[in-house]
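As provided, entry.csv (CSV, N, CA, C and O atoms) reads as follows.
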chain,number,residue,atom,x,y,z
A,1,ALA,N,9.2,-3.9,-6.7
A,1,ALA,CA,9.0,-4.3,-5.3
A,1,ALA,C,7.9,-3.5,-4.7
A,1,ALA,O,7.1,-4.0,-3.9
A,2,ALA,N,7.8,-2.2,-5.0
A,2,ALA,CA,6.8,-1.4,-4.4
A,2,ALA,C,5.3,-1.8,-4.7
A,2,ALA,O,4.5,-1.9,-3.9
A,3,GLU,N,5.1,-2.1,-6.0
A,3,GLU,CA,3.8,-2.6,-6.4
A,3,GLU,C,3.4,-3.9,-5.8
A,3,GLU,O,2.3,-4.2,-5.4
A,4,CYS,N,4.4,-4.8,-5.7
A,4,CYS,CA,4.1,-6.1,-5.0
A,4,CYS,C,3.8,-5.9,-3.5
A,4,CYS,O,2.9,-6.6,-3.0
A,5,PHE,N,4.5,-5.0,-2.9
A,5,PHE,CA,4.3,-4.8,-1.4
A,5,PHE,C,2.9,-4.2,-1.2
A,5,PHE,O,2.2,-4.6,-0.3
A,6,GLY,N,2.5,-3.3,-2.0
A,6,GLY,CA,1.2,-2.7,-1.9
A,6,GLY,C,0.1,-3.8,-2.1
A,6,GLY,O,-0.9,-3.8,-1.4
A,7,GLY,N,0.3,-4.6,-3.1
A,7,GLY,CA,-0.6,-5.7,-3.3
A,7,GLY,C,-0.7,-6.7,-2.1
A,7,GLY,O,-1.8,-7.2,-1.8
A,8,LEU,N,0.4,-7.0,-1.5
A,8,LEU,CA,0.4,-7.8,-0.3
A,8,LEU,C,-0.5,-7.3,0.8
A,8,LEU,O,-1.2,-8.0,1.4
A,9,VAL,N,-0.3,-6.0,1.0
A,9,VAL,CA,-1.2,-5.3,2.1
A,9,VAL,C,-2.6,-5.4,1.7
A,9,VAL,O,-3.5,-5.8,2.5
A,10,ALA,N,-3.0,-5.2,0.5
A,10,ALA,CA,-4.4,-5.2,0.0
A,10,ALA,C,-4.9,-6.6,0.1
A,10,ALA,O,-6.0,-6.8,0.8
A,11,PHE,N,-4.3,-7.6,-0.5
A,11,PHE,CA,-4.9,-8.9,-0.6
A,11,PHE,C,-4.8,-9.6,0.7
A,11,PHE,O,-5.6,-10.5,1.0
A,12,ASN,N,-3.9,-9.3,1.6
A,12,ASN,CA,-3.9,-9.9,2.9
A,12,ASN,C,-5.1,-9.5,3.8
A,12,ASN,O,-5.4,-10.2,4.8
A,13,ASN,N,-5.7,-8.4,3.4
A,13,ASN,CA,-6.8,-7.9,4.2
A,13,ASN,C,-8.2,-8.0,3.6
A,13,ASN,O,-9.1,-7.4,4.0
A,14,LEU,N,-8.3,-8.8,2.5
A,14,LEU,CA,-9.5,-8.9,1.8
A,14,LEU,C,-10.3,-10.1,2.4
A,14,LEU,O,-10.4,-11.2,1.8
A,15,SER,N,-10.9,-10.0,3.5
A,15,SER,CA,-11.6,-11.1,4.1
A,15,SER,C,-13.1,-11.1,3.8
A,15,SER,O,-13.8,-12.1,3.9
A,16,ASP,N,-13.6,-10.0,3.3
A,16,ASP,CA,-15.0,-9.9,3.0
A,16,ASP,C,-15.2,-9.8,1.5
A,16,ASP,O,-14.9,-8.8,0.8
A,17,SER,N,-15.8,-10.9,0.9
A,17,SER,CA,-15.9,-11.0,-0.6
A,17,SER,C,-16.9,-10.0,-1.2
A,17,SER,O,-16.9,-9.8,-2.4
A,18,LYS,N,-17.7,-9.3,-0.4
A,18,LYS,CA,-18.6,-8.3,-1.0
A,18,LYS,C,-17.9,-7.1,-1.4
A,18,LYS,O,-18.5,-6.2,-2.1
A,19,TYR,N,-16.7,-6.8,-1.0
A,19,TYR,CA,-15.9,-5.7,-1.4
A,19,TYR,C,-15.0,-6.1,-2.5
A,19,TYR,O,-14.3,-7.0,-2.4
A,20,GLN,N,-15.0,-5.3,-3.6
A,20,GLN,CA,-14.2,-5.6,-4.7
A,20,GLN,C,-13.2,-4.5,-4.9
A,20,GLN,O,-13.4,-3.4,-5.5
A,21,SER,N,-12.0,-4.7,-4.3
A,21,SER,CA,-11.0,-3.7,-4.3
A,21,SER,C,-10.2,-3.8,-5.6
A,21,SER,O,-9.9,-5.0,-6.1
A,22,VAL,N,-9.8,-2.7,-6.2
A,22,VAL,CA,-9.1,-2.7,-7.4
A,22,VAL,C,-7.9,-1.7,-7.2
A,22,VAL,O,-8.1,-0.6,-6.6
A,23,VAL,N,-6.8,-2.0,-7.8
A,23,VAL,CA,-5.7,-1.0,-7.7
A,23,VAL,C,-6.0,0.1,-8.7
A,23,VAL,O,-6.3,-0.1,-9.9
A,24,ALA,N,-6.1,1.3,-8.1
A,24,ALA,CA,-6.5,2.5,-8.9
A,24,ALA,C,-5.3,3.3,-9.4
A,24,ALA,O,-5.4,4.1,-10.3
A,25,GLY,N,-4.2,3.0,-8.8
A,25,GLY,CA,-3.0,3.7,-9.2
A,25,GLY,C,-1.7,3.4,-8.4
A,25,GLY,O,-1.8,3.0,-7.3
A,26,VAL,N,-0.6,3.4,-9.1
A,26,VAL,CA,0.7,3.2,-8.5
A,26,VAL,C,1.6,4.3,-9.1
A,26,VAL,O,1.7,4.4,-10.3
A,27,THR,N,2.1,5.1,-8.3
A,27,THR,CA,3.1,6.1,-8.7
A,27,THR,C,4.4,5.8,-8.1
A,27,THR,O,4.5,5.7,-6.8
A,28,ILE,N,5.4,5.7,-8.9
A,28,ILE,CA,6.8,5.3,-8.4
A,28,ILE,C,7.7,6.4,-8.8
A,28,ILE,O,7.8,6.8,-10.0
A,29,ASN,N,8.5,7.0,-7.8
A,29,ASN,CA,9.5,8.0,-8.1
A,29,ASN,C,10.9,7.3,-7.9
A,29,ASN,O,11.3,7.0,-6.8
A,30,PHE,N,11.5,6.9,-9.0
A,30,PHE,CA,12.8,6.3,-8.9
A,30,PHE,C,13.9,7.4,-8.7
A,30,PHE,O,14.0,8.3,-9.4
A,31,LEU,N,14.7,7.2,-7.6
A,31,LEU,CA,15.7,8.2,-7.3
A,31,LEU,C,17.1,7.8,-7.6
A,31,LEU,O,17.9,8.6,-8.0
A,32,ARG,N,17.4,6.5,-7.6
A,32,ARG,CA,18.7,6.0,-7.9
A,32,ARG,C,18.6,4.5,-8.2
A,32,ARG,O,17.7,3.8,-7.7
A,33,SER,N,19.6,4.0,-8.9
A,33,SER,CA,19.7,2.5,-9.2
A,33,SER,C,20.1,1.8,-7.9
A,33,SER,O,20.9,2.2,-7.1
A,34,GLY,N,19.6,0.6,-7.8
A,34,GLY,CA,20.0,-0.3,-6.7
A,34,GLY,C,21.0,-1.3,-7.2
A,34,GLY,O,20.9,-1.8,-8.2
A,35,THR,N,22.1,-1.4,-6.4
A,35,THR,CA,23.2,-2.4,-6.8
A,35,THR,C,23.4,-3.4,-5.7
A,35,THR,O,24.4,-4.1,-5.7
A,36,SER,N,22.4,-3.5,-4.7
A,36,SER,CA,22.5,-4.4,-3.7
A,36,SER,C,21.1,-4.9,-3.4
A,36,SER,O,20.2,-4.6,-4.1
A,37,ASP,N,21.0,-5.7,-2.3
A,37,ASP,CA,19.7,-6.1,-1.8
A,37,ASP,C,18.8,-4.8,-1.5
A,37,ASP,O,19.4,-3.8,-1.2
A,38,ILE,N,17.5,-5.0,-1.7
A,38,ILE,CA,16.6,-3.8,-1.3
A,38,ILE,C,15.6,-4.3,-0.3
A,38,ILE,O,15.3,-5.5,-0.2
A,39,THR,N,15.1,-3.3,0.5
A,39,THR,CA,14.0,-3.5,1.4
A,39,THR,C,13.0,-2.5,1.1
A,39,THR,O,13.2,-1.4,0.6
A,40,ALA,N,11.7,-2.9,1.4
A,40,ALA,CA,10.6,-2.0,1.2
A,40,ALA,C,10.0,-1.8,2.6
A,40,ALA,O,9.9,-2.8,3.4
A,41,GLU,N,9.5,-0.6,2.9
A,41,GLU,CA,8.9,-0.4,4.2
A,41,GLU,C,7.7,0.5,4.0
A,41,GLU,O,7.6,1.3,3.1
A,42,ILE,N,6.7,0.2,4.9
A,42,ILE,CA,5.5,1.0,5.0
A,42,ILE,C,5.4,1.3,6.5
A,42,ILE,O,5.6,0.5,7.3
A,43,ILE,N,5.2,2.6,6.8
A,43,ILE,CA,5.0,3.0,8.2
A,43,ILE,C,3.6,3.4,8.4
A,43,ILE,O,3.0,4.2,7.8
A,44,PHE,N,3.0,2.7,9.4
A,44,PHE,CA,1.6,2.9,9.8
A,44,PHE,C,1.6,3.5,11.2
A,44,PHE,O,2.2,3.0,12.1
A,45,SER,N,0.8,4.6,11.4
A,45,SER,CA,0.5,5.1,12.7
A,45,SER,C,-0.5,4.2,13.4
A,45,SER,O,-1.2,3.4,12.7
A,46,ASP,N,-0.7,4.3,14.7
A,46,ASP,CA,-1.7,3.5,15.4
A,46,ASP,C,-3.1,3.8,14.8
A,46,ASP,O,-3.9,2.9,14.7
A,47,GLU,N,-3.3,5.1,14.5
A,47,GLU,CA,-4.6,5.4,13.9
A,47,GLU,C,-4.8,4.8,12.5
A,47,GLU,O,-5.9,4.3,12.2
A,48,ASP,N,-3.7,4.7,11.7
A,48,ASP,CA,-3.8,4.0,10.4
A,48,ASP,C,-4.2,2.6,10.6
A,48,ASP,O,-5.1,2.0,9.9
A,49,VAL,N,-3.6,1.9,11.5
A,49,VAL,CA,-3.9,0.5,11.8
A,49,VAL,C,-5.3,0.3,12.2
A,49,VAL,O,-6.0,-0.6,11.6
A,50,LYS,N,-5.8,1.1,13.1
A,50,LYS,CA,-7.2,1.0,13.5
A,50,LYS,C,-8.2,1.2,12.3
A,50,LYS,O,-9.2,0.5,12.2
A,51,PHE,N,-7.9,2.2,11.5
A,51,PHE,CA,-8.7,2.5,10.3
A,51,PHE,C,-8.7,1.3,9.4
A,51,PHE,O,-9.8,0.9,8.9
A,52,ILE,N,-7.5,0.8,9.1
A,52,ILE,CA,-7.4,-0.4,8.2
A,52,ILE,C,-8.2,-1.6,8.7
A,52,ILE,O,-9.0,-2.2,8.0
A,53,GLU,N,-8.1,-1.8,10.0
A,53,GLU,CA,-8.8,-3.0,10.6
A,53,GLU,C,-10.3,-2.8,10.5
A,53,GLU,O,-11.1,-3.8,10.3
A,54,ARG,N,-10.8,-1.6,10.6
A,54,ARG,CA,-12.3,-1.3,10.6
A,54,ARG,C,-12.8,-1.1,9.2
A,54,ARG,O,-14.0,-1.5,8.9
A,55,HIS,N,-12.1,-0.5,8.3
A,55,HIS,CA,-12.6,-0.1,7.1
A,55,HIS,C,-11.9,-0.5,5.8
A,55,HIS,O,-12.3,-0.1,4.7
A,56,PHE,N,-11.0,-1.4,5.9
A,56,PHE,CA,-10.2,-1.8,4.7
A,56,PHE,C,-11.1,-2.2,3.6
A,56,PHE,O,-12.0,-3.1,3.8
A,57,CYS,N,-10.9,-1.7,2.4
A,57,CYS,CA,-11.6,-2.0,1.2
A,57,CYS,C,-13.0,-1.5,1.1
A,57,CYS,O,-13.8,-1.8,0.2
A,58,ARG,N,-13.5,-0.8,2.1
A,58,ARG,CA,-14.8,-0.1,2.0
A,58,ARG,C,-14.6,1.3,1.6
A,58,ARG,O,-15.6,2.0,1.2
A,59,PHE,N,-13.4,1.8,1.6
A,59,PHE,CA,-13.1,3.2,1.2
A,59,PHE,C,-11.8,3.2,0.4
A,59,PHE,O,-11.1,2.2,0.4
A,60,ASP,N,-11.6,4.3,-0.3
A,60,ASP,CA,-10.3,4.4,-1.0
A,60,ASP,C,-9.2,4.3,0.1
A,60,ASP,O,-9.3,4.8,1.2
A,61,PHE,N,-8.1,3.7,-0.3
A,61,PHE,CA,-7.0,3.5,0.7
A,61,PHE,C,-5.7,3.7,-0.1
A,61,PHE,O,-5.5,3.3,-1.2
A,62,SER,N,-4.8,4.4,0.5
A,62,SER,CA,-3.5,4.6,-0.1
A,62,SER,C,-2.4,4.3,0.9
A,62,SER,O,-2.5,4.6,2.1
A,63,ILE,N,-1.2,3.8,0.4
A,63,ILE,CA,-0.1,3.6,1.3
A,63,ILE,C,1.1,4.2,0.6
A,63,ILE,O,1.2,4.3,-0.6
A,64,HIS,N,2.1,4.6,1.4
A,64,HIS,CA,3.4,5.2,0.9
A,64,HIS,C,4.4,4.1,1.2
A,64,HIS,O,4.6,3.7,2.3
A,65,ILE,N,5.2,3.8,0.2
A,65,ILE,CA,6.2,2.7,0.3
A,65,ILE,C,7.6,3.3,0.0
A,65,ILE,O,7.7,4.1,-1.0
A,66,VAL,N,8.6,3.0,0.8
A,66,VAL,CA,9.9,3.5,0.6
A,66,VAL,C,10.8,2.3,0.4
A,66,VAL,O,10.8,1.3,1.1
A,67,LEU,N,11.6,2.3,-0.7
A,67,LEU,CA,12.6,1.2,-1.0
A,67,LEU,C,14.0,1.7,-0.7
A,67,LEU,O,14.3,2.8,-1.2
A,68,ARG,N,14.7,0.9,0.0
A,68,ARG,CA,16.1,1.3,0.4
A,68,ARG,C,17.1,0.2,0.0
A,68,ARG,O,16.7,-1.0,-0.1
A,69,ASP,N,18.3,0.6,-0.2
A,69,ASP,CA,19.4,-0.4,-0.5
A,69,ASP,C,19.9,-0.9,0.8
A,69,ASP,O,19.5,-0.5,1.9
A,70,SER,N,20.9,-1.7,0.7
A,70,SER,CA,21.5,-2.4,2.0
A,70,SER,C,22.1,-1.4,2.9
A,70,SER,O,22.3,-1.8,4.1
A,71,ILE,N,22.5,-0.2,2.5
A,71,ILE,CA,23.1,0.7,3.4
A,71,ILE,C,22.1,1.8,3.9
A,71,ILE,O,22.5,2.8,4.5
A,72,GLY,N,20.9,1.7,3.4
A,72,GLY,CA,19.8,2.6,3.9
A,72,GLY,C,19.5,3.7,3.0
A,72,GLY,O,18.6,4.5,3.3
A,73,LYS,N,20.2,3.9,1.8
A,73,LYS,CA,19.8,5.0,0.9
A,73,LYS,C,18.5,4.7,0.2
A,73,LYS,O,18.2,3.6,-0.1
A,74,ILE,N,17.7,5.7,0.1
A,74,ILE,CA,16.4,5.6,-0.5
A,74,ILE,C,16.6,5.5,-2.1
A,74,ILE,O,17.3,6.3,-2.7
A,75,LEU,N,16.1,4.4,-2.6
A,75,LEU,CA,16.2,4.1,-4.1
A,75,LEU,C,14.9,4.6,-4.8
A,75,LEU,O,15.0,5.1,-5.9
A,76,ALA,N,13.8,4.5,-4.1
A,76,ALA,CA,12.5,4.8,-4.8
A,76,ALA,C,11.5,5.0,-3.7
A,76,ALA,O,11.6,4.5,-2.6
A,77,GLU,N,10.5,5.8,-4.0
A,77,GLU,CA,9.3,6.0,-3.2
A,77,GLU,C,8.1,5.8,-4.0
A,77,GLU,O,8.1,6.2,-5.2
A,78,ALA,N,7.1,5.1,-3.5
A,78,ALA,CA,5.9,4.8,-4.3
A,78,ALA,C,4.6,5.1,-3.5
A,78,ALA,O,4.6,5.0,-2.2
A,79,ASP,N,3.6,5.5,-4.2
A,79,ASP,CA,2.2,5.6,-3.6
A,79,ASP,C,1.3,4.6,-4.3
A,79,ASP,O,1.3,4.5,-5.5
A,80,TYR,N,0.6,3.8,-3.5
A,80,TYR,CA,-0.2,2.7,-4.0
A,80,TYR,C,-1.6,3.0,-3.6
A,80,TYR,O,-1.9,3.2,-2.4
A,81,VAL,N,-2.6,3.1,-4.5
A,81,VAL,CA,-3.9,3.5,-4.2
A,81,VAL,C,-4.9,2.3,-4.5
A,81,VAL,O,-4.8,1.8,-5.6
A,82,VAL,N,-5.7,2.0,-3.6
A,82,VAL,CA,-6.8,0.9,-3.8
A,82,VAL,C,-8.1,1.6,-3.6
A,82,VAL,O,-8.3,2.4,-2.8
A,83,LYS,N,-9.1,1.2,-4.5
A,83,LYS,CA,-10.4,1.8,-4.5
A,83,LYS,C,-11.4,0.6,-4.4
A,83,LYS,O,-11.2,-0.5,-4.9
A,84,ASP,N,-12.5,0.9,-3.7
A,84,ASP,CA,-13.6,-0.1,-3.7
A,84,ASP,C,-14.5,0.1,-4.9
A,84,ASP,O,-15.2,1.2,-5.0
A,85,PHE,N,-14.6,-0.8,-5.8
A,85,PHE,CA,-15.5,-0.7,-6.9
A,85,PHE,C,-16.7,-1.7,-6.8
A,85,PHE,O,-17.3,-2.0,-7.8
A,86,SER,N,-17.0,-2.1,-5.6
A,86,SER,CA,-18.2,-3.1,-5.5
A,86,SER,C,-19.5,-2.4,-5.9
A,86,SER,O,-20.4,-3.1,-6.3
A,87,ASN,N,-19.6,-1.1,-5.8
A,87,ASN,CA,-20.8,-0.4,-6.2
A,87,ASN,C,-21.1,-0.5,-7.7
A,87,ASN,O,-22.2,-0.2,-8.1
A,88,LEU,N,-20.1,-0.9,-8.5
A,88,LEU,CA,-20.2,-1.0,-9.9
A,88,LEU,C,-20.6,-2.4,-10.4
A,88,LEU,O,-20.8,-2.6,-11.5
A,89,MET,N,-20.6,-3.3,-9.4
A,89,MET,CA,-20.9,-4.7,-9.8
A,89,MET,C,-22.4,-5.0,-9.6
A,89,MET,O,-23.1,-4.5,-8.9

What is this structure when it is put down as structure tokens?
Amino acid sequence: AAECFGGLVAFNNLSDSKYQSVVAGVTINFLRSGTSDITAEIIFSDEDVKFIERHFCRFDFSIHIVLRDSIGKILAEADYVVKDFSNLM
């Protein structure tokens, strides 16, 4: 779920085809097994949102994702990194 969620953030914001974003890394720390529904969350500050709107896919970008079970226990945490590789094309 974490890698899918990170991809949704990246691909939902790719409005300019001159930028070639590539997933540069996904690190997942599994803490416990899930036995119920899970939710994934990303928390953005107001500054993060403004930066994303202005610069998404022009610079390296990373997000931290937390996966929780139905009672709120953390199951896993992930870091998802996107890099702009348009300079290599």

- Task: Determine, counting only C-alpha atoms, which protein, DNA and RNA residues have an atom within 12 Å of an atom of A:Ile74; residues of the same chain fewer than 4 positions away are not included. Present the result as a VMD selection string.
- Result: chain A and resid 29 to 34 38 to 41 65 to 70 78

- re atom CA of A:Gly25 and atom CA of A:Ile63: distance 10.9 Å

Which neighbours of A:Val22 fall inside 5 Å, counting only N, CA, C and O atoms, when residues of the same chain fewer than 2 positions from it are skipped, and could you give them as a PDB file with N, CA, C and O atoms, keeping the file's coordinate frame?
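What landed in around13.pdb:
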ATOM      1  N   GLN A  20     -15.000  -5.300  -3.600  1.00  0.00           N
ATOM      2  CA  GLN A  20     -14.200  -5.600  -4.700  1.00  0.00           C
ATOM      3  C   GLN A  20     -13.200  -4.500  -4.900  1.00  0.00           C
ATOM      4  O   GLN A  20     -13.400  -3.400  -5.500  1.00  0.00           O
ATOM      5  N   ALA A  24      -6.100   1.300  -8.100  1.00  0.00           N
ATOM      6  CA  ALA A  24      -6.500   2.500  -8.900  1.00  0.00           C
ATOM      7  C   ALA A  24      -5.300   3.300  -9.400  1.00  0.00           C
ATOM      8  O   ALA A  24      -5.400   4.100 -10.300  1.00  0.00           O
ATOM      9  N   VAL A  81      -2.600   3.100  -4.500  1.00  0.00           N
ATOM     10  CA  VAL A  81      -3.900   3.500  -4.200  1.00  0.00           C
ATOM     11  C   VAL A  81      -4.900   2.300  -4.500  1.00  0.00           C
ATOM     12  O   VAL A  81      -4.800   1.800  -5.600  1.00  0.00           O
ATOM     13  N   VAL A  82      -5.700   2.000  -3.600  1.00  0.00           N
ATOM     14  CA  VAL A  82      -6.800   0.900  -3.800  1.00  0.00           C
ATOM     15  C   VAL A  82      -8.100   1.600  -3.600  1.00  0.00           C
ATOM     16  O   VAL A  82      -8.300   2.400  -2.800  1.00  0.00           O
ATOM     17  N   LYS A  83      -9.100   1.200  -4.500  1.00  0.00           N
ATOM     18  CA  LYS A  83     -10.400   1.800  -4.500  1.00  0.00           C
ATOM     19  C   LYS A  83     -11.400   0.600  -4.400  1.00  0.00           C
ATOM     20  O   LYS A  83     -11.200  -0.500  -4.900  1.00  0.00           O
TER      21      LYS A  83
END

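Taking atom N of A:Ile71 and atom CA of A:Val49 as endpoints, the distance between them is 28.0 Å.
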
- Judged by only N, CA, C and O atoms, the minimum distance to A:Asp37 among A:Lys73, A:His64, A:Phe51, A:Tyr80 is found for A:Lys73

- Message: Can you measure atom C of A:Asp79 to atom N of A:Ile28 for me? One decimal in Å is fine.
- Response: 6.3 Å

Return as a PDB file with N, CA, C and O atoms, in the coordinates of the input the full set of residues in stretch 22-67 of chain A whose backbone-based DSSP assignment is alpha helix (DSSP H).
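part30.pdb written:
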ATOM      1  N   ASP A  46      -0.700   4.300  14.700  1.00  0.00           N
ATOM      2  CA  ASP A  46      -1.700   3.500  15.400  1.00  0.00           C
ATOM      3  C   ASP A  46      -3.100   3.800  14.800  1.00  0.00           C
ATOM      4  O   ASP A  46      -3.900   2.900  14.700  1.00  0.00           O
ATOM      5  N   GLU A  47      -3.300   5.100  14.500  1.00  0.00           N
ATOM      6  CA  GLU A  47      -4.600   5.400  13.900  1.00  0.00           C
ATOM      7  C   GLU A  47      -4.800   4.800  12.500  1.00  0.00           C
ATOM      8  O   GLU A  47      -5.900   4.300  12.200  1.00  0.00           O
ATOM      9  N   ASP A  48      -3.700   4.700  11.700  1.00  0.00           N
ATOM     10  CA  ASP A  48      -3.800   4.000  10.400  1.00  0.00           C
ATOM     11  C   ASP A  48      -4.200   2.600  10.600  1.00  0.00           C
ATOM     12  O   ASP A  48      -5.100   2.000   9.900  1.00  0.00           O
ATOM     13  N   VAL A  49      -3.600   1.900  11.500  1.00  0.00           N
ATOM     14  CA  VAL A  49      -3.900   0.500  11.800  1.00  0.00           C
ATOM     15  C   VAL A  49      -5.300   0.300  12.200  1.00  0.00           C
ATOM     16  O   VAL A  49      -6.000  -0.600  11.600  1.00  0.00           O
ATOM     17  N   LYS A  50      -5.800   1.100  13.100  1.00  0.00           N
ATOM     18  CA  LYS A  50      -7.200   1.000  13.500  1.00  0.00           C
ATOM     19  C   LYS A  50      -8.200   1.200  12.300  1.00  0.00           C
ATOM     20  O   LYS A  50      -9.200   0.500  12.200  1.00  0.00           O
ATOM     21  N   PHE A  51      -7.900   2.200  11.500  1.00  0.00           N
ATOM     22  CA  PHE A  51      -8.700   2.500  10.300  1.00  0.00           C
ATOM     23  C   PHE A  51      -8.700   1.300   9.400  1.00  0.00           C
ATOM     24  O   PHE A  51      -9.800   0.900   8.900  1.00  0.00           O
ATOM     25  N   ILE A  52      -7.500   0.800   9.100  1.00  0.00           N
ATOM     26  CA  ILE A  52      -7.400  -0.400   8.200  1.00  0.00           C
ATOM     27  C   ILE A  52      -8.200  -1.600   8.700  1.00  0.00           C
ATOM     28  O   ILE A  52      -9.000  -2.200   8.000  1.00  0.00           O
ATOM     29  N   GLU A  53      -8.100  -1.800  10.000  1.00  0.00           N
ATOM     30  CA  GLU A  53      -8.800  -3.000  10.600  1.00  0.00           C
ATOM     31  C   GLU A  53     -10.300  -2.800  10.500  1.00  0.00           C
ATOM     32  O   GLU A  53     -11.100  -3.800  10.300  1.00  0.00           O
ATOM     33  N   ARG A  54     -10.800  -1.600  10.600  1.00  0.00           N
ATOM     34  CA  ARG A  54     -12.300  -1.300  10.600  1.00  0.00           C
ATOM     35  C   ARG A  54     -12.800  -1.100   9.200  1.00  0.00           C
ATOM     36  O   ARG A  54     -14.000  -1.500   8.900  1.00  0.00           O
ATOM     37  N   HIS A  55     -12.100  -0.500   8.300  1.00  0.00           N
ATOM     38  CA  HIS A  55     -12.600  -0.100   7.100  1.00  0.00           C
ATOM     39  C   HIS A  55     -11.900  -0.500   5.800  1.00  0.00           C
ATOM     40  O   HIS A  55     -12.300  -0.100   4.700  1.00  0.00           O
TER      41      HIS A  55
END

- stretch 25-84 of chain A: residues DSSP assigns to strand (DSSP E or B), reported as a PyMOL selection string: chain A and resi 25-30+38-41+61-69+74-84
